[in-house]
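K.L.:
Mind having a look at this structure? Questions to follow.
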Amino acid sequence: MMFSFKPDRSQYPAPGPDGKLEVDLETGKYLKLWHGPNHPGITGNMSVELTVCGDEVVEGKTHVGYLHRGFEKLMERRTFIQVFPIVCRVCVPEPDFNEYCYAAAVEELAGIEVPEMASWIRTLILEMGRFNSYMMAMGGISGALGLGVVGQWMTYVRDIMLDRFEELTGARIYHMFILPGGVRAHLPEGFEARMEEVLQTAERYLADAENLMFKSSVFKTRTQGVGVIDPALFERFGVTGPNARAGGVAKDVRKDSPYLVYDQLEFTVHTEEASDIYARTLVRYKDLLETIQLIRQILRKMPKEGEVMTNLPNVLHWKIPRGETYIKGESSRGEYGYYLVTDGTGYPRRVNVRGPSYTHAMALLEHLIPGTNISDVAALMVSLHTYPPEIER
């Protein structure tokens, strides 16, 4: 550090009986600022109500609900097949994970077995979605710190991966490709070769991004030692995924509780120890490179032919027996799960989405943000990698 500064907090407000700060705006010592909801980063339409003293944040409160919301109740008022246009919107940058979790929950309660070929294609789709989500995260953290060119590079590479999504599913964002019983189609002819072109392009841009980000003294100064999450808080705040792995905890549902064909794949769960913004970004960068190798491995090992969809009853009059289940997996942001309850009718009795954004952007962010400089708020938010619709669901 070039210099050290110890601020005088003797005049800071004292916590009240509820543990929250008692801020008296009439004194003129404090000011309310709204960070967002039109925030230029991956956190989308989410705002944080900041109370600042000078340029230091005293308190921050997360506000969501500006975009999609109320998904769970919408799903409970639709038939099982009508839910699919809704689930993918719970997480726009990585919609396929909602499709998989919901489909797998329905399959377990209905006693449906998915063909092997469909399981391989589902795994491929989920890793393609992880690739796109990580690309958005890398571009977001760089943009939050003024490295706009990295954001443009990552957006371009993400866009050409969307070409592969469009080729496979017919859509770029909301795919509705993973359905109960399997997937909608086989891979198009020549898909593997075109995918390899995307992956090689990604590797070239990521090499340049590594030089510009992780070898930059400015990036290091802005991110190292900033936004540190004490690993002792991981269980208390439900921290999972890269946010936990950056603090030395190798949590990954793909390894801990394998699903689909992950038990047939070889990959490394990367960890760091510093648990700061820099470590979280580095873990995501390493995971992104691992995802590229996983996509190659899946395409190399998957069967060349086979059924992709099992026979289903008439989905317009589909009644699933009474039961409940919880299906989980490893999204780009951590453990993601669907709790589904059925009562024997043609509608879900209860749907509950366990998205990592709820804990990371509400409890955790509000815990970390006091004492942060205003200029670091965007980087802190983006480093937690959250999506608002998962919160206001």
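Identifiers in the structure tokens: chain A, B, ... in order shown; residue index from 1 per chain; ligand index from 1 in order shown.
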Apply DSSP to the structure's backbone, then extract all residues of range 77-242 of chain A labelled helix (DSSP H, G or I) and return them as a PyMOL selection string.
P.N.:
chain A and resi 84-90+96-110+116-144+148-169+191-213+217-223+231-237+242
K.L.:
Any idea what's packed within 12 Å of range 247-259 of chain A, counting only C-alpha atoms, ignoring anything in its chain fewer than 5 positions away? Could you give it as a ChimeraX atom specification?
P.N.:
/A:100-101,104,119-120,122-123,126-127,227-235,238-242,264-283,287,327-337
K.L.:
What lies within 7 Å of range 371-376 of chain A using only C-alpha atoms, ignoring chain neighbours under 2 positions off, as a tab-separated table (two decimals) with N, CA, C and O atoms, in the first residue's frame?
P.N.:
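Listed below is the output, result.tsv:
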chain	number	residue	atom	x	y	z
A	55	ASP	N	-17.06	9.73	1.80
A	55	ASP	CA	-17.11	8.76	0.70
A	55	ASP	C	-17.09	7.33	1.22
A	55	ASP	O	-16.84	6.39	0.48
A	56	GLU	N	-17.38	7.17	2.51
A	56	GLU	CA	-17.40	5.84	3.11
A	56	GLU	C	-18.83	5.41	3.40
A	56	GLU	O	-19.63	6.18	3.93
A	57	VAL	N	-19.14	4.16	3.05
A	57	VAL	CA	-20.49	3.64	3.24
A	57	VAL	C	-20.66	3.21	4.69
A	57	VAL	O	-19.87	2.44	5.23
A	58	VAL	N	-21.72	3.69	5.31
A	58	VAL	CA	-22.05	3.34	6.68
A	58	VAL	C	-23.02	2.16	6.72
A	58	VAL	O	-22.94	1.28	7.57
A	369	ILE	N	-20.94	-4.49	3.10
A	369	ILE	CA	-20.83	-3.16	2.52
A	369	ILE	C	-20.46	-2.05	3.51
A	369	ILE	O	-19.80	-1.07	3.10
A	378	ALA	N	-19.60	-0.95	-6.64
A	378	ALA	CA	-19.92	-1.69	-7.86
A	378	ALA	C	-19.10	-2.97	-7.96
A	378	ALA	O	-19.63	-4.04	-8.27
A	379	ALA	N	-17.81	-2.87	-7.70
A	379	ALA	CA	-16.94	-4.06	-7.79
A	379	ALA	C	-17.34	-5.11	-6.76
A	379	ALA	O	-17.34	-6.31	-7.05
A	380	LEU	N	-17.71	-4.67	-5.56
A	380	LEU	CA	-18.14	-5.62	-4.54
A	380	LEU	C	-19.41	-6.33	-4.96
A	380	LEU	O	-19.52	-7.57	-4.86
K.L.:
Can you list, as number ranges by chain, all residues belonging to range 109-351 of chain A that DSSP tags as strand (DSSP E)?
P.N.:
A: 178-179, 182-183, 323-331, 334-342, 348-351
K.L.:
Residues at most 10 Å from Glu307 in chain A, counting only C-alpha atoms, excluding those fewer than 2 positions away in the same chain, as a list in words?
P.N.:
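The filter keeps Val114, Pro115, Glu116, Met117, Ala118, Gly182, Val183, Ala185, His186, Glu305, Met309 and Thr310 of chain A.
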K.L.:
Restricting the calculation to only C-alpha atoms: of A:Leu260, A:Leu109, A:Val87, A:Val218, which residue gets closest to Phe177 in chain A?
P.N.:
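Closest to Phe177 in chain A, using only C-alpha atoms: A:Val87.
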K.L.:
Which residue, A:His385, A:Arg78, A:His317, A:Lys61, has the smallest gap to Gly36 in chain A when you use only C-alpha atoms?
P.N.:
A:Lys61
K.L.:
Could you jot down the CA of Phe237 in chain A to CA of Arg354 in chain A separation for me, Å, one decimal place?
P.N.:
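Computing the Euclidean distance for CA of Phe237 in chain A and CA of Arg354 in chain A yields 13.4 Å.
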K.L.:
Show which residues sit within 8 Å of Arg349 in chain A, as a VMD selection string. Count only C-alpha atoms, and ignore same-chain residues fewer than 3 positions away.
P.N.:
chain A and resid 76 340 to 343
K.L.:
Any idea what the distance is between CA of Met154 in chain A and CA of Met136 in chain A?
P.N.:
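So the answer is 6.7 Å.
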K.L.:
Go through A:Tyr326, A:Phe165, A:Tyr102, A:Tyr262 and flag the residue nearest Phe131 in chain A, using only C-alpha atoms for the distances.
P.N.:
A:Phe165
K.L.:
Which residue out of A:His68, A:His175, A:Lys32, A:Lys304 has the minimum interatomic distance to Ile391 in chain A when only C-alpha atoms are used?
P.N.:
A:His68
K.L.:
For a test of reading the model, state the distance in Å between CA of Gly143 in chain A and CA of Glu290 in chain A, rounded to one decimal.
P.N.:
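CA of Glu290 in chain A lies at a distance of 23.1 Å from CA of Gly143 in chain A.
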K.L.:
Compare A:Leu168, A:Leu384, A:Cys53, A:Ile86 by their minimum atom-to-atom distance to Glu99 in chain A, counting only C-alpha atoms, and give me the closest one.
P.N.:
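Between A:Leu168, A:Leu384, A:Cys53, A:Ile86, the residue approaching Glu99 in chain A most closely is A:Ile86.
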